Structure formats: structure tokens, C-alpha cells
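Single-structure report; data block below.
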Amino acid sequence: MNKLFPPLLSPRLRSAVVCRSYLKRYITTSPAFDSDESREFEDFGTYNVILPEEPFVWGVSHITRRPVPSHIVQPKYAAQLDPPMSSEIDHTQQYEGDGRIILGSTDEKRLRAAATLAKNVRQYAGSLVQPGVTTNSIDAAVHNFIIAHEAYPSPLLYKGFPRSCCTSVNNVVSHGIPDDRPLEDGDIINIDVTVYFNGYHGDTSSTFLVGDVDEPGRDLVQMTNAALEAGIDACGPGRPFNGIGRAIHEIVRNTCHSVCPAFAGHGIGTVFHRPPWIYHTQNEEPGVMLPGHCFTIEPSLVQGSNPSVWIFPDGWTASTENCARSAQAEHMILITETGVDVLTQ
């Protein structure tokens, strides 16, 4: 689960109107509809656009949280009676130390165990993806799977998030809230799972194909996976963090896709999100990777040249402004003395 960076935070009704305008033109754009207006828009393929239901419901207080047994150890934020309702990063927050773990220690074993469980949850969630299945039912199954393994679903109640995983379909870039819409043939869905196990978080995601996905959709998912691998290849002890964004830029820049700059990877361990922040576009972020650093790389790619997003009235769901599809892939990376281990692969 990634971090959303300002200033893309406030839900705006105007953006919904813009997205609906693009949707109208998308529906009417076909070989038989040949006008100057239709040619202004890129052909993103065949799929159904996800939009907030009307009338709009603001916030997520109406969504019932799934119960967690009292014996499951929960992160501190889950114990708050009134968690803050915001996905915005707090740049003023203080973090202890540099987030590095001692290699070869019990802490490393616990970190690896959390990452392994997260990988298993991601694979289990992917096995549930098929036409007709709702994202809400996937969330329920993921929740029960995590609880059955004596862990806590980290997204639940994190800054008020109401579900146990994120499910982002088609034009939703990130932080999609599971709901009762059945998946449809031709959809793509990113499932982002994080577990809290023995005091450590494990975080990973993948974008899955639902039934028969068109070629542009398959190409988007394939390029997203390639971008993640390029970012991983840029990692190692003594290498700059900003090399990750540079490597992803190089592999994406001559394609028909763009990288969404609104979301970043992050340090992870006993804390869900913390420095180092991992930007997936070209950047001048300082710092080098050192043994014991653990962080996520999780690029979100968007069809076309406009990676701008807007936030649904729920305060979480981030959609492309022009309804283009997006895909994301995420792994946890541990820097070792000699190289890098991909903990969730």
C-alpha cells in the first residue's frame, strides 16, 4: 500500500464532471464515430470505467469494518478510537532511527516472515479473481486468510481506511475500496495487501487480468511489471535511491504509458510507512541504500501521457482524470551486504 503525496488530496465534484465528460466521449468514440472531437482522445481499448456511485457519499463512515479477534496483535493505529481520516503523508512526523534492521538478527527473521505471508496472501487473492466475483468478497476472503494466520490486515483502520486490502479496478490507480461491483470480463484489478505479523508489516501488490483482457490492457500490465523489475535492478548497497526512478523512467519513456507521480514507495518494517520515500519518476531525492534498508518499490503506470489523478468522494479512491486504465506492481526490497533480496517474490 503506497503513499499519496499532496496536492492531490481533496475530492472535487468538478473532477467527477470532467471524468464523466471523458467517459461520454469514450463511449461515442468508435470507427463509426469519426469527428474532430473524437480524434482528440487516445484509444485506450475496451473496458468499463469505474466512477463513484450517485448520489455521492462523502467519506467512509458508512462502511462496516470487519471484526478482528482480540488475540490478534494489532498495530498502534488500529487501537485508536478515532483514527485520522486521511491518506496524506505527514512530512512533520518523527521517525526513530533510519529504519534499517540488523541483518542476521531476529528482527530480520520476523521481517522476512511478514513478507512471506504477504506474498502468500497476494497469491491467494489472485486465485479468487474471475468474472462475477465482487471485490468485497475478495476482501472478506483476504481478511479471513490473514486472521487465520494469526496476523492483522494492515490497511484496516490505517488513517481510517475501512477495508482489509485495496482493490483498484481499470481506471482506479490506487487505494480502491472493495465494494459490491462484480468483476467483469476484460477488467484489470490491482490487489494491494499488507499484513502485520509478529510486529512487522509485509506489503505487496499485483495487477491481475479478469477473463479476456484486450491487448492494450495486457500491454499495460506487462509494462508495469517490467518497470518494477527495472526499479529492482537499480538497487544495491551504496546505490542512490533516486536511481530507482531513473531506471523506471528509462524503460517507460518511449512507450505509450506514463508513470503516476502521485504515489511513492516507502520504508517498511515495524512501521507501515516511513522514510526512505521511493519515487518512481526522475527525482533528486538524496540518500543511498545501505545494508538493512527495507522498502517497497511500487510503480503505477497509466495509459497515455496524462498521469493526473483525482480522488473520489470517499476520500481514498484515486482515479485517472481521463479514465485511462492504470496498473501497479509492488515488492518489498531488503538491501544486504552484497546485493538485494526481493522478499515478496
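Here, A, B, ... name the chains of the C-alpha cells in the order displayed, residue numbers run from 1 inside each chain, and ligands are numbered from 1 in the same displayed order.
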Quick one: everything within 10 Å of Glu96 of chain A, counting only C-alpha atoms, minus sequence neighbours fewer than 2 positions away in the same chain. Send it as a count of residues only.
5
I want to know what sits within 9 Å of Asp214 of chain A, based on only C-alpha atoms, with residues of the same chain fewer than 2 positions away left out; could you give that as an MDAnalysis selection string?
chainID A and resid 45:47 186 212 216:219
Pick from A:Asn144, A:Thr336, A:Thr135, A:Ser305 nearest to Ile188 of chain A, counting only C-alpha atoms:
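Smallest separation from Ile188 of chain A among the options: A:Thr135.
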Option closest in space to Pro131 of chain A, from A:Gly304, A:Gly97, A:Gly211, A:Pro69 [counting only C-alpha atoms]:
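Comparing A:Gly304, A:Gly97, A:Gly211, A:Pro69 against Pro131 of chain A, the winner is A:Gly211.
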Shell of 10 Å around Ala324 of chain A, only C-alpha atoms, local chain residues under 6 positions omitted, as a list in words
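Final neighbour list, sorted by chain and number: Cys19, Tyr22, Leu23, Tyr26, Glu42, Asp43, Phe44, Gly45, Tyr47, Val49, Asn170, Asn171, Val172, Val173, Val302, Gln303, Gly304, Ser305, Asn306 and Pro307 of chain A.
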Would you write out those residues with all heavy atoms, as a short mmCIF file (atom, residue, chain, number, x, y, z; two decimals), in the first residue's frame?
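out_27.cif written:
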data_model
loop_
_atom_site.label_atom_id
_atom_site.label_comp_id
_atom_site.auth_asym_id
_atom_site.auth_seq_id
_atom_site.Cartn_x
_atom_site.Cartn_y
_atom_site.Cartn_z
N CYS A 19 -14.37 13.66 -15.56
CA CYS A 19 -14.24 12.23 -15.85
C CYS A 19 -15.45 11.73 -16.62
O CYS A 19 -15.34 10.95 -17.55
CB CYS A 19 -14.06 11.44 -14.55
SG CYS A 19 -13.39 9.78 -14.81
N TYR A 22 -15.14 12.71 -20.22
CA TYR A 22 -14.27 11.79 -20.93
C TYR A 22 -14.99 10.47 -21.20
O TYR A 22 -14.86 9.88 -22.27
CB TYR A 22 -13.00 11.52 -20.11
CG TYR A 22 -11.89 12.50 -20.34
CD1 TYR A 22 -11.78 13.64 -19.55
CD2 TYR A 22 -10.96 12.32 -21.35
CE1 TYR A 22 -10.76 14.55 -19.74
CE2 TYR A 22 -9.94 13.22 -21.56
CZ TYR A 22 -9.84 14.34 -20.75
OH TYR A 22 -8.82 15.23 -20.96
N LEU A 23 -15.75 10.00 -20.24
CA LEU A 23 -16.48 8.75 -20.40
C LEU A 23 -17.46 8.85 -21.55
O LEU A 23 -17.57 7.95 -22.38
CB LEU A 23 -17.21 8.41 -19.11
CG LEU A 23 -18.14 7.18 -19.16
CD1 LEU A 23 -17.33 5.94 -19.54
CD2 LEU A 23 -18.83 6.98 -17.83
N TYR A 26 -15.58 8.65 -24.63
CA TYR A 26 -15.05 7.30 -24.79
C TYR A 26 -16.10 6.38 -25.38
O TYR A 26 -15.85 5.61 -26.30
CB TYR A 26 -14.58 6.76 -23.44
CG TYR A 26 -14.38 5.27 -23.40
CD1 TYR A 26 -13.25 4.69 -23.96
CD2 TYR A 26 -15.33 4.43 -22.82
CE1 TYR A 26 -13.05 3.32 -23.94
CE2 TYR A 26 -15.15 3.07 -22.80
CZ TYR A 26 -14.01 2.52 -23.36
OH TYR A 26 -13.85 1.17 -23.33
N GLU A 42 -7.03 9.62 -27.00
CA GLU A 42 -6.29 8.42 -27.30
C GLU A 42 -7.19 7.20 -27.13
O GLU A 42 -8.10 7.19 -26.31
CB GLU A 42 -5.09 8.33 -26.37
CG GLU A 42 -4.12 9.48 -26.51
CD GLU A 42 -3.08 9.50 -25.42
OE1 GLU A 42 -3.34 10.07 -24.35
OE2 GLU A 42 -2.00 8.94 -25.64
N ASP A 43 -6.91 6.17 -27.90
CA ASP A 43 -7.68 4.94 -27.82
C ASP A 43 -7.05 4.05 -26.76
O ASP A 43 -5.97 3.49 -26.97
CB ASP A 43 -7.68 4.24 -29.18
CG ASP A 43 -8.49 2.95 -29.15
OD1 ASP A 43 -9.16 2.69 -28.14
OD2 ASP A 43 -8.44 2.21 -30.15
N PHE A 44 -7.72 3.91 -25.63
CA PHE A 44 -7.19 3.13 -24.52
C PHE A 44 -7.72 1.70 -24.51
O PHE A 44 -7.43 0.95 -23.57
CB PHE A 44 -7.51 3.81 -23.20
CG PHE A 44 -6.85 5.16 -23.04
CD1 PHE A 44 -7.57 6.24 -22.54
CD2 PHE A 44 -5.54 5.36 -23.40
CE1 PHE A 44 -6.98 7.48 -22.39
CE2 PHE A 44 -4.93 6.59 -23.27
CZ PHE A 44 -5.65 7.66 -22.75
N GLY A 45 -8.52 1.31 -25.49
CA GLY A 45 -9.02 -0.05 -25.54
C GLY A 45 -10.46 -0.16 -25.08
O GLY A 45 -11.19 0.83 -24.97
N TYR A 47 -13.05 -1.38 -22.17
CA TYR A 47 -13.21 -1.70 -20.75
C TYR A 47 -14.28 -0.79 -20.18
O TYR A 47 -14.68 0.21 -20.79
CB TYR A 47 -11.90 -1.51 -19.99
CG TYR A 47 -11.35 -0.10 -20.07
CD1 TYR A 47 -11.58 0.84 -19.06
CD2 TYR A 47 -10.59 0.31 -21.16
CE1 TYR A 47 -11.08 2.14 -19.15
CE2 TYR A 47 -10.08 1.59 -21.25
CZ TYR A 47 -10.33 2.50 -20.25
OH TYR A 47 -9.84 3.77 -20.34
N VAL A 49 -15.47 1.87 -17.31
CA VAL A 49 -14.88 2.88 -16.43
C VAL A 49 -15.53 2.83 -15.05
O VAL A 49 -16.75 2.67 -14.93
CB VAL A 49 -15.05 4.28 -17.05
CG1 VAL A 49 -14.61 5.37 -16.07
CG2 VAL A 49 -14.25 4.38 -18.34
N ASN A 170 -9.41 -1.10 -13.25
CA ASN A 170 -9.39 -0.34 -14.50
C ASN A 170 -8.77 1.04 -14.34
O ASN A 170 -7.56 1.17 -14.20
CB ASN A 170 -10.79 -0.28 -15.11
CG ASN A 170 -11.27 -1.65 -15.58
OD1 ASN A 170 -10.47 -2.58 -15.73
ND2 ASN A 170 -12.56 -1.80 -15.81
N ASN A 171 -9.58 2.09 -14.32
CA ASN A 171 -9.06 3.46 -14.25
C ASN A 171 -8.70 3.89 -12.83
O ASN A 171 -8.18 5.00 -12.64
CB ASN A 171 -10.06 4.46 -14.82
CG ASN A 171 -11.44 4.35 -14.17
OD1 ASN A 171 -12.12 3.35 -14.39
ND2 ASN A 171 -11.84 5.33 -13.40
N VAL A 172 -8.95 3.06 -11.83
CA VAL A 172 -8.56 3.39 -10.46
C VAL A 172 -7.07 3.08 -10.31
O VAL A 172 -6.63 1.95 -10.53
CB VAL A 172 -9.39 2.60 -9.44
CG1 VAL A 172 -8.89 2.88 -8.02
CG2 VAL A 172 -10.86 2.98 -9.55
N VAL A 173 -6.31 4.10 -9.94
CA VAL A 173 -4.86 3.97 -9.86
C VAL A 173 -4.45 3.28 -8.56
O VAL A 173 -3.58 2.41 -8.56
CB VAL A 173 -4.18 5.36 -9.94
CG1 VAL A 173 -2.66 5.23 -9.88
CG2 VAL A 173 -4.60 6.07 -11.22
N VAL A 302 0.14 4.38 -16.17
CA VAL A 302 -1.14 4.84 -16.71
C VAL A 302 -1.06 4.83 -18.23
O VAL A 302 -0.01 5.16 -18.80
CB VAL A 302 -1.46 6.26 -16.20
CG1 VAL A 302 -2.70 6.82 -16.88
CG2 VAL A 302 -1.65 6.24 -14.69
N GLN A 303 -2.13 4.48 -18.88
CA GLN A 303 -2.19 4.56 -20.34
C GLN A 303 -2.10 6.03 -20.78
O GLN A 303 -2.72 6.91 -20.18
CB GLN A 303 -3.49 3.97 -20.86
CG GLN A 303 -3.60 2.47 -20.69
CD GLN A 303 -4.95 1.96 -21.19
OE1 GLN A 303 -6.00 2.42 -20.75
NE2 GLN A 303 -4.92 1.00 -22.11
N GLY A 304 -1.35 6.29 -21.84
CA GLY A 304 -1.29 7.63 -22.39
C GLY A 304 -0.28 8.51 -21.67
O GLY A 304 0.56 8.04 -20.91
N SER A 305 -0.40 9.79 -21.93
CA SER A 305 0.60 10.75 -21.45
C SER A 305 0.12 11.62 -20.30
O SER A 305 0.83 12.53 -19.88
CB SER A 305 1.01 11.66 -22.61
OG SER A 305 -0.12 12.33 -23.16
N ASN A 306 -1.08 11.36 -19.78
CA ASN A 306 -1.62 12.17 -18.67
C ASN A 306 -1.79 11.31 -17.43
O ASN A 306 -2.79 10.60 -17.29
CB ASN A 306 -2.95 12.79 -19.07
CG ASN A 306 -3.58 13.60 -17.93
OD1 ASN A 306 -2.91 13.93 -16.95
ND2 ASN A 306 -4.86 13.92 -18.07
N PRO A 307 -0.85 11.35 -16.49
CA PRO A 307 -0.95 10.52 -15.29
C PRO A 307 -1.66 11.19 -14.12
O PRO A 307 -1.58 10.71 -12.99
CB PRO A 307 0.52 10.25 -14.96
CG PRO A 307 1.20 11.52 -15.35
CD PRO A 307 0.46 12.04 -16.56
#
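Candidate residues A:Ile268, A:Val73, A:Val342, A:Ile191 were compared for distance to Glu229 of chain A, and the nearest is A:Val342, using only C-alpha atoms.
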How far is it from atom CA of Asn190 of chain A to atom CA of Ile72 of chain A, in Å with one decimal?
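Taking atom CA of Asn190 of chain A and atom CA of Ile72 of chain A, their separation equals 26.6 Å.
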Measure the distance from atom CA of Asp179 of chain A to atom CA of Met223 of chain A in Å and round it to one decimal.
27.5 Å
Would you mind reading off the distance between atom CA of Ser61 of chain A and atom CA of Gly199 of chain A, one decimal, in Å?
27.8 Å
Measuring between only C-alpha atoms, which one of A:Ala114, A:Trp277, A:Ile335, A:Val68 shows the shortest distance to Ala148 of chain A?
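Selected residue with least distance to Ala148 of chain A: A:Val68.
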Name all residues at most 12 Å from Met332 of chain A (count only C-alpha atoms; drop same-chain ones fewer than 6 positions away) and give them as number ranges by chain.
A: 1-2, 111-112, 114-116, 118-119, 193-194, 201-205, 228-229, 231-232, 235, 265-269, 272, 278, 293-298, 340-345
Skip Tyr124 of chain A itself and residues of its chain fewer than 6 positions away, then list as a list in words all residues within 9 Å of it, counting only C-alpha atoms.
Ala141, Val142 and Phe145 of chain A
Write the residues you've just listed into a file as a PDB file, in the first residue's frame, and include N, CA and C atoms for each of them.
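This went into result27.pdb:
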ATOM      1  N   ALA A 141     -12.462 -12.636   2.012  1.00  0.00           N
ATOM      2  CA  ALA A 141     -11.627 -13.839   1.991  1.00  0.00           C
ATOM      3  C   ALA A 141     -10.198 -13.515   2.416  1.00  0.00           C
ATOM      4  N   VAL A 142      -9.657 -12.393   1.943  1.00  0.00           N
ATOM      5  CA  VAL A 142      -8.313 -11.977   2.334  1.00  0.00           C
ATOM      6  C   VAL A 142      -8.256 -11.716   3.832  1.00  0.00           C
ATOM      7  N   PHE A 145      -8.244 -14.994   5.647  1.00  0.00           N
ATOM      8  CA  PHE A 145      -6.976 -15.696   5.418  1.00  0.00           C
ATOM      9  C   PHE A 145      -5.889 -15.134   6.327  1.00  0.00           C
TER      10      PHE A 145
END
Pick out each residue of segment 80-228 of chain A that DSSP on the backbone tags as helix (DSSP H, G or I); I need them as a PyMOL selection string.
chain A and resi 106-127+135-148+158-160+215-228
Residue selection dump (N, CA and C atoms) as a short mmCIF file (atom, residue, chain, number, x, y, z; two decimals), in the first residue's frame:
data_model
loop_
_atom_site.label_atom_id
_atom_site.label_comp_id
_atom_site.auth_asym_id
_atom_site.auth_seq_id
_atom_site.Cartn_x
_atom_site.Cartn_y
_atom_site.Cartn_z
N THR A 106 17.04 -11.53 14.86
CA THR A 106 15.66 -11.99 14.97
C THR A 106 14.72 -11.04 14.24
N ASP A 107 15.06 -9.75 14.26
CA ASP A 107 14.24 -8.77 13.55
C ASP A 107 14.18 -9.08 12.06
N GLU A 108 15.30 -9.47 11.49
CA GLU A 108 15.29 -9.81 10.06
C GLU A 108 14.42 -11.03 9.80
N LYS A 109 14.48 -12.01 10.68
CA LYS A 109 13.64 -13.20 10.51
C LYS A 109 12.16 -12.84 10.56
N ARG A 110 11.79 -11.94 11.47
CA ARG A 110 10.40 -11.53 11.58
C ARG A 110 9.95 -10.73 10.36
N LEU A 111 10.83 -9.87 9.87
CA LEU A 111 10.53 -9.10 8.67
C LEU A 111 10.31 -10.03 7.48
N ARG A 112 11.18 -10.99 7.32
CA ARG A 112 11.04 -11.94 6.21
C ARG A 112 9.76 -12.77 6.35
N ALA A 113 9.41 -13.13 7.57
CA ALA A 113 8.18 -13.92 7.78
C ALA A 113 6.95 -13.10 7.40
N ALA A 114 6.94 -11.82 7.75
CA ALA A 114 5.82 -10.95 7.38
C ALA A 114 5.73 -10.80 5.87
N ALA A 115 6.88 -10.65 5.21
CA ALA A 115 6.89 -10.51 3.76
C ALA A 115 6.42 -11.78 3.08
N THR A 116 6.84 -12.93 3.60
CA THR A 116 6.42 -14.21 3.02
C THR A 116 4.91 -14.39 3.16
N LEU A 117 4.37 -14.04 4.32
CA LEU A 117 2.93 -14.14 4.49
C LEU A 117 2.21 -13.20 3.53
N ALA A 118 2.72 -11.99 3.36
CA ALA A 118 2.10 -11.05 2.42
C ALA A 118 2.10 -11.62 1.00
N LYS A 119 3.20 -12.23 0.60
CA LYS A 119 3.27 -12.87 -0.72
C LYS A 119 2.21 -13.96 -0.86
N ASN A 120 2.05 -14.77 0.18
CA ASN A 120 1.05 -15.84 0.14
C ASN A 120 -0.36 -15.27 0.06
N VAL A 121 -0.60 -14.18 0.77
CA VAL A 121 -1.92 -13.54 0.72
C VAL A 121 -2.18 -13.00 -0.68
N ARG A 122 -1.17 -12.35 -1.29
CA ARG A 122 -1.32 -11.82 -2.65
C ARG A 122 -1.66 -12.93 -3.63
N GLN A 123 -0.95 -14.04 -3.52
CA GLN A 123 -1.20 -15.16 -4.43
C GLN A 123 -2.61 -15.73 -4.20
N TYR A 124 -3.01 -15.83 -2.94
CA TYR A 124 -4.35 -16.32 -2.63
C TYR A 124 -5.41 -15.38 -3.21
N ALA A 125 -5.21 -14.08 -3.02
CA ALA A 125 -6.17 -13.10 -3.55
C ALA A 125 -6.28 -13.22 -5.06
N GLY A 126 -5.14 -13.39 -5.73
CA GLY A 126 -5.16 -13.52 -7.18
C GLY A 126 -5.93 -14.74 -7.65
N SER A 127 -5.91 -15.80 -6.86
CA SER A 127 -6.63 -17.03 -7.24
C SER A 127 -8.14 -16.83 -7.19
N THR A 135 -15.33 -7.41 -5.41
CA THR A 135 -14.11 -7.07 -4.66
C THR A 135 -14.37 -7.14 -3.16
N ASN A 136 -15.62 -6.95 -2.76
CA ASN A 136 -15.97 -7.07 -1.34
C ASN A 136 -15.77 -8.51 -0.87
N SER A 137 -16.14 -9.47 -1.71
CA SER A 137 -15.96 -10.87 -1.33
C SER A 137 -14.48 -11.24 -1.31
N ILE A 138 -13.69 -10.65 -2.20
CA ILE A 138 -12.24 -10.87 -2.17
C ILE A 138 -11.67 -10.32 -0.87
N ASP A 139 -12.13 -9.12 -0.49
CA ASP A 139 -11.65 -8.51 0.75
C ASP A 139 -11.99 -9.39 1.95
N ALA A 140 -13.21 -9.93 1.98
CA ALA A 140 -13.62 -10.79 3.09
C ALA A 140 -12.74 -12.03 3.17
N ALA A 141 -12.46 -12.64 2.01
CA ALA A 141 -11.63 -13.84 1.99
C ALA A 141 -10.20 -13.51 2.42
N VAL A 142 -9.66 -12.39 1.94
CA VAL A 142 -8.31 -11.98 2.33
C VAL A 142 -8.26 -11.72 3.83
N HIS A 143 -9.26 -11.03 4.35
CA HIS A 143 -9.32 -10.74 5.79
C HIS A 143 -9.27 -12.04 6.59
N ASN A 144 -10.10 -13.00 6.21
CA ASN A 144 -10.16 -14.26 6.95
C ASN A 144 -8.86 -15.06 6.82
N PHE A 145 -8.24 -14.99 5.65
CA PHE A 145 -6.98 -15.70 5.42
C PHE A 145 -5.89 -15.13 6.33
N ILE A 146 -5.82 -13.82 6.41
CA ILE A 146 -4.81 -13.19 7.25
C ILE A 146 -5.04 -13.51 8.72
N ILE A 147 -6.28 -13.40 9.16
CA ILE A 147 -6.61 -13.70 10.56
C ILE A 147 -6.28 -15.15 10.89
N ALA A 148 -6.58 -16.05 9.94
CA ALA A 148 -6.30 -17.47 10.16
C ALA A 148 -4.81 -17.74 10.34
N TYR A 158 -6.07 1.96 8.99
CA TYR A 158 -4.91 2.82 8.80
C TYR A 158 -5.40 4.17 8.29
N LYS A 159 -5.29 5.20 9.12
CA LYS A 159 -5.82 6.53 8.82
C LYS A 159 -7.29 6.46 8.42
N GLY A 160 -7.99 5.50 8.99
CA GLY A 160 -9.43 5.38 8.76
C GLY A 160 -9.83 4.52 7.59
N GLU A 215 -5.71 -6.21 -25.80
CA GLU A 215 -4.26 -6.08 -25.92
C GLU A 215 -3.70 -4.86 -25.22
N PRO A 216 -4.34 -3.67 -25.32
CA PRO A 216 -3.79 -2.52 -24.57
C PRO A 216 -3.75 -2.75 -23.06
N GLY A 217 -4.74 -3.44 -22.53
CA GLY A 217 -4.75 -3.74 -21.10
C GLY A 217 -3.65 -4.70 -20.72
N ARG A 218 -3.44 -5.73 -21.54
CA ARG A 218 -2.37 -6.70 -21.26
C ARG A 218 -1.00 -6.03 -21.37
N ASP A 219 -0.84 -5.16 -22.37
CA ASP A 219 0.43 -4.46 -22.53
C ASP A 219 0.73 -3.57 -21.33
N LEU A 220 -0.31 -2.91 -20.80
CA LEU A 220 -0.13 -2.05 -19.64
C LEU A 220 0.37 -2.84 -18.44
N VAL A 221 -0.24 -3.99 -18.19
CA VAL A 221 0.17 -4.82 -17.05
C VAL A 221 1.58 -5.35 -17.25
N GLN A 222 1.89 -5.78 -18.46
CA GLN A 222 3.23 -6.29 -18.74
C GLN A 222 4.29 -5.20 -18.55
N MET A 223 4.01 -3.98 -19.04
CA MET A 223 4.98 -2.90 -18.88
C MET A 223 5.14 -2.50 -17.43
N THR A 224 4.06 -2.57 -16.65
CA THR A 224 4.13 -2.25 -15.22
C THR A 224 5.05 -3.22 -14.50
N ASN A 225 4.92 -4.50 -14.81
CA ASN A 225 5.80 -5.50 -14.21
C ASN A 225 7.26 -5.27 -14.62
N ALA A 226 7.45 -4.88 -15.88
CA ALA A 226 8.81 -4.60 -16.35
C ALA A 226 9.39 -3.37 -15.64
N ALA A 227 8.55 -2.38 -15.38
CA ALA A 227 9.01 -1.18 -14.67
C ALA A 227 9.44 -1.52 -13.26
N LEU A 228 8.68 -2.39 -12.60
CA LEU A 228 9.06 -2.82 -11.25
C LEU A 228 10.41 -3.53 -11.28
#
Using only C-alpha atoms, find the one residue out of A:Ser164, A:Thr338, A:Ser206, A:Gln80 that sits nearest to Met289 of chain A.
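Of A:Ser164, A:Thr338, A:Ser206, A:Gln80, the one nearest Met289 of chain A, counting only C-alpha atoms, is A:Thr338.
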Who sits within 10 Å of Val252 of chain A, only C-alpha atoms, same chain under 3 positions skipped, as a ChimeraX atom specification
/A:223-224,226-227,230,247-249,255-259,281,301
Residue selection dump (all heavy atoms) as an mmCIF file, in the first residue's frame:
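So again.cif came out as:
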data_model
loop_
_atom_site.group_PDB
_atom_site.id
_atom_site.type_symbol
_atom_site.label_atom_id
_atom_site.label_comp_id
_atom_site.auth_asym_id
_atom_site.auth_seq_id
_atom_site.Cartn_x
_atom_site.Cartn_y
_atom_site.Cartn_z
ATOM 1 N N MET A 223 4.014 -3.983 -19.037
ATOM 2 C CA MET A 223 4.983 -2.899 -18.884
ATOM 3 C C MET A 223 5.137 -2.501 -17.425
ATOM 4 O O MET A 223 6.233 -2.139 -16.978
ATOM 5 C CB MET A 223 4.540 -1.697 -19.724
ATOM 6 C CG MET A 223 5.478 -0.489 -19.629
ATOM 7 S SD MET A 223 7.230 -0.883 -19.964
ATOM 8 C CE MET A 223 7.119 -1.440 -21.673
ATOM 9 N N THR A 224 4.060 -2.566 -16.648
ATOM 10 C CA THR A 224 4.132 -2.250 -15.222
ATOM 11 C C THR A 224 5.052 -3.221 -14.498
ATOM 12 O O THR A 224 5.889 -2.824 -13.672
ATOM 13 C CB THR A 224 2.731 -2.277 -14.596
ATOM 14 O OG1 THR A 224 1.895 -1.328 -15.266
ATOM 15 C CG2 THR A 224 2.778 -1.953 -13.116
ATOM 16 N N ALA A 226 7.453 -4.876 -15.877
ATOM 17 C CA ALA A 226 8.812 -4.600 -16.348
ATOM 18 C C ALA A 226 9.395 -3.375 -15.641
ATOM 19 O O ALA A 226 10.595 -3.338 -15.330
ATOM 20 C CB ALA A 226 8.799 -4.383 -17.866
ATOM 21 N N ALA A 227 8.550 -2.375 -15.384
ATOM 22 C CA ALA A 227 9.011 -1.176 -14.674
ATOM 23 C C ALA A 227 9.440 -1.523 -13.260
ATOM 24 O O ALA A 227 10.457 -1.011 -12.757
ATOM 25 C CB ALA A 227 7.906 -0.123 -14.660
ATOM 26 N N ALA A 230 12.786 -3.170 -13.439
ATOM 27 C CA ALA A 230 13.845 -2.193 -13.714
ATOM 28 C C ALA A 230 14.223 -1.441 -12.441
ATOM 29 O O ALA A 230 15.401 -1.167 -12.189
ATOM 30 C CB ALA A 230 13.374 -1.214 -14.788
ATOM 31 N N ALA A 247 15.701 4.569 -13.468
ATOM 32 C CA ALA A 247 15.612 3.311 -14.211
ATOM 33 C C ALA A 247 14.199 3.081 -14.741
ATOM 34 O O ALA A 247 14.008 2.628 -15.882
ATOM 35 C CB ALA A 247 16.037 2.147 -13.313
ATOM 36 N N ILE A 248 13.201 3.391 -13.929
ATOM 37 C CA ILE A 248 11.811 3.223 -14.363
ATOM 38 C C ILE A 248 11.498 4.199 -15.494
ATOM 39 O O ILE A 248 10.836 3.849 -16.488
ATOM 40 C CB ILE A 248 10.858 3.415 -13.172
ATOM 41 C CG1 ILE A 248 11.043 2.263 -12.175
ATOM 42 C CG2 ILE A 248 9.408 3.496 -13.642
ATOM 43 C CD1 ILE A 248 10.282 2.434 -10.879
ATOM 44 N N HIS A 249 11.984 5.437 -15.370
ATOM 45 C CA HIS A 249 11.779 6.433 -16.424
ATOM 46 C C HIS A 249 12.337 5.939 -17.750
ATOM 47 O O HIS A 249 11.683 6.074 -18.805
ATOM 48 C CB HIS A 249 12.435 7.752 -16.028
ATOM 49 C CG HIS A 249 12.494 8.758 -17.136
ATOM 50 N ND1 HIS A 249 11.405 9.535 -17.496
ATOM 51 C CD2 HIS A 249 13.517 9.112 -17.974
ATOM 52 C CE1 HIS A 249 11.752 10.322 -18.502
ATOM 53 N NE2 HIS A 249 13.018 10.089 -18.809
ATOM 54 N N THR A 255 7.372 4.516 -24.475
ATOM 55 C CA THR A 255 6.177 3.690 -24.636
ATOM 56 C C THR A 255 4.939 4.583 -24.657
ATOM 57 O O THR A 255 5.027 5.800 -24.526
ATOM 58 C CB THR A 255 6.054 2.671 -23.489
ATOM 59 O OG1 THR A 255 5.696 3.365 -22.271
ATOM 60 C CG2 THR A 255 7.363 1.926 -23.273
ATOM 61 N N CYS A 256 3.780 3.969 -24.769
ATOM 62 C CA CYS A 256 2.514 4.705 -24.752
ATOM 63 C C CYS A 256 1.945 4.787 -23.338
ATOM 64 O O CYS A 256 0.743 4.971 -23.157
ATOM 65 C CB CYS A 256 1.505 4.065 -25.691
ATOM 66 S SG CYS A 256 1.153 2.325 -25.340
ATOM 67 N N HIS A 257 2.820 4.664 -22.336
ATOM 68 C CA HIS A 257 2.407 4.730 -20.938
ATOM 69 C C HIS A 257 3.174 5.824 -20.215
ATOM 70 O O HIS A 257 4.207 6.296 -20.705
ATOM 71 C CB HIS A 257 2.658 3.386 -20.243
ATOM 72 C CG HIS A 257 2.071 2.214 -20.961
ATOM 73 N ND1 HIS A 257 2.844 1.283 -21.635
ATOM 74 C CD2 HIS A 257 0.787 1.828 -21.139
ATOM 75 C CE1 HIS A 257 2.062 0.371 -22.185
ATOM 76 N NE2 HIS A 257 0.814 0.677 -21.901
ATOM 77 N N SER A 258 2.669 6.207 -19.057
ATOM 78 C CA SER A 258 3.369 7.182 -18.214
ATOM 79 C C SER A 258 3.303 6.717 -16.768
ATOM 80 O O SER A 258 2.441 5.909 -16.399
ATOM 81 C CB SER A 258 2.754 8.582 -18.355
ATOM 82 O OG SER A 258 1.355 8.560 -18.142
ATOM 83 N N VAL A 259 4.218 7.222 -15.962
ATOM 84 C CA VAL A 259 4.293 6.846 -14.550
ATOM 85 C C VAL A 259 3.540 7.883 -13.723
ATOM 86 O O VAL A 259 3.765 9.081 -13.863
ATOM 87 C CB VAL A 259 5.745 6.757 -14.067
ATOM 88 C CG1 VAL A 259 5.805 6.342 -12.600
ATOM 89 C CG2 VAL A 259 6.535 5.774 -14.934
ATOM 90 N N THR A 281 9.463 8.334 -10.510
ATOM 91 C CA THR A 281 9.798 9.196 -11.625
ATOM 92 C C THR A 281 11.196 9.782 -11.384
ATOM 93 O O THR A 281 11.765 9.619 -10.301
ATOM 94 C CB THR A 281 8.772 10.337 -11.766
ATOM 95 O OG1 THR A 281 8.688 11.027 -10.504
ATOM 96 C CG2 THR A 281 7.389 9.790 -12.121
ATOM 97 N N LEU A 301 1.590 2.630 -13.432
ATOM 98 C CA LEU A 301 1.644 3.113 -14.803
ATOM 99 C C LEU A 301 0.236 3.402 -15.307
ATOM 100 O O LEU A 301 -0.727 2.730 -14.907
ATOM 101 C CB LEU A 301 2.319 2.093 -15.713
ATOM 102 C CG LEU A 301 3.836 2.274 -15.910
ATOM 103 C CD1 LEU A 301 4.574 2.170 -14.578
ATOM 104 C CD2 LEU A 301 4.376 1.275 -16.913
#
So that I can see what lies close to Tyr279 of chain A, please list as a list of chain:residue names the residues with an atom at most 9 Å from it, counting only C-alpha atoms and leaving out residues fewer than 4 positions away in the same chain.
A:Phe241, A:Asn242, A:Ile244, A:Gly245, A:Pro261, A:Phe263, A:Ala264, A:Gly265, A:His266, A:Asn283, A:Glu285, A:Ile297, A:Pro299
From A:Thr207, A:Gln130, A:Gln282, A:Ser70, residue lying nearest Ser168 of chain A [only C-alpha atoms]
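The answer is A:Thr207, which sits nearest to Ser168 of chain A.
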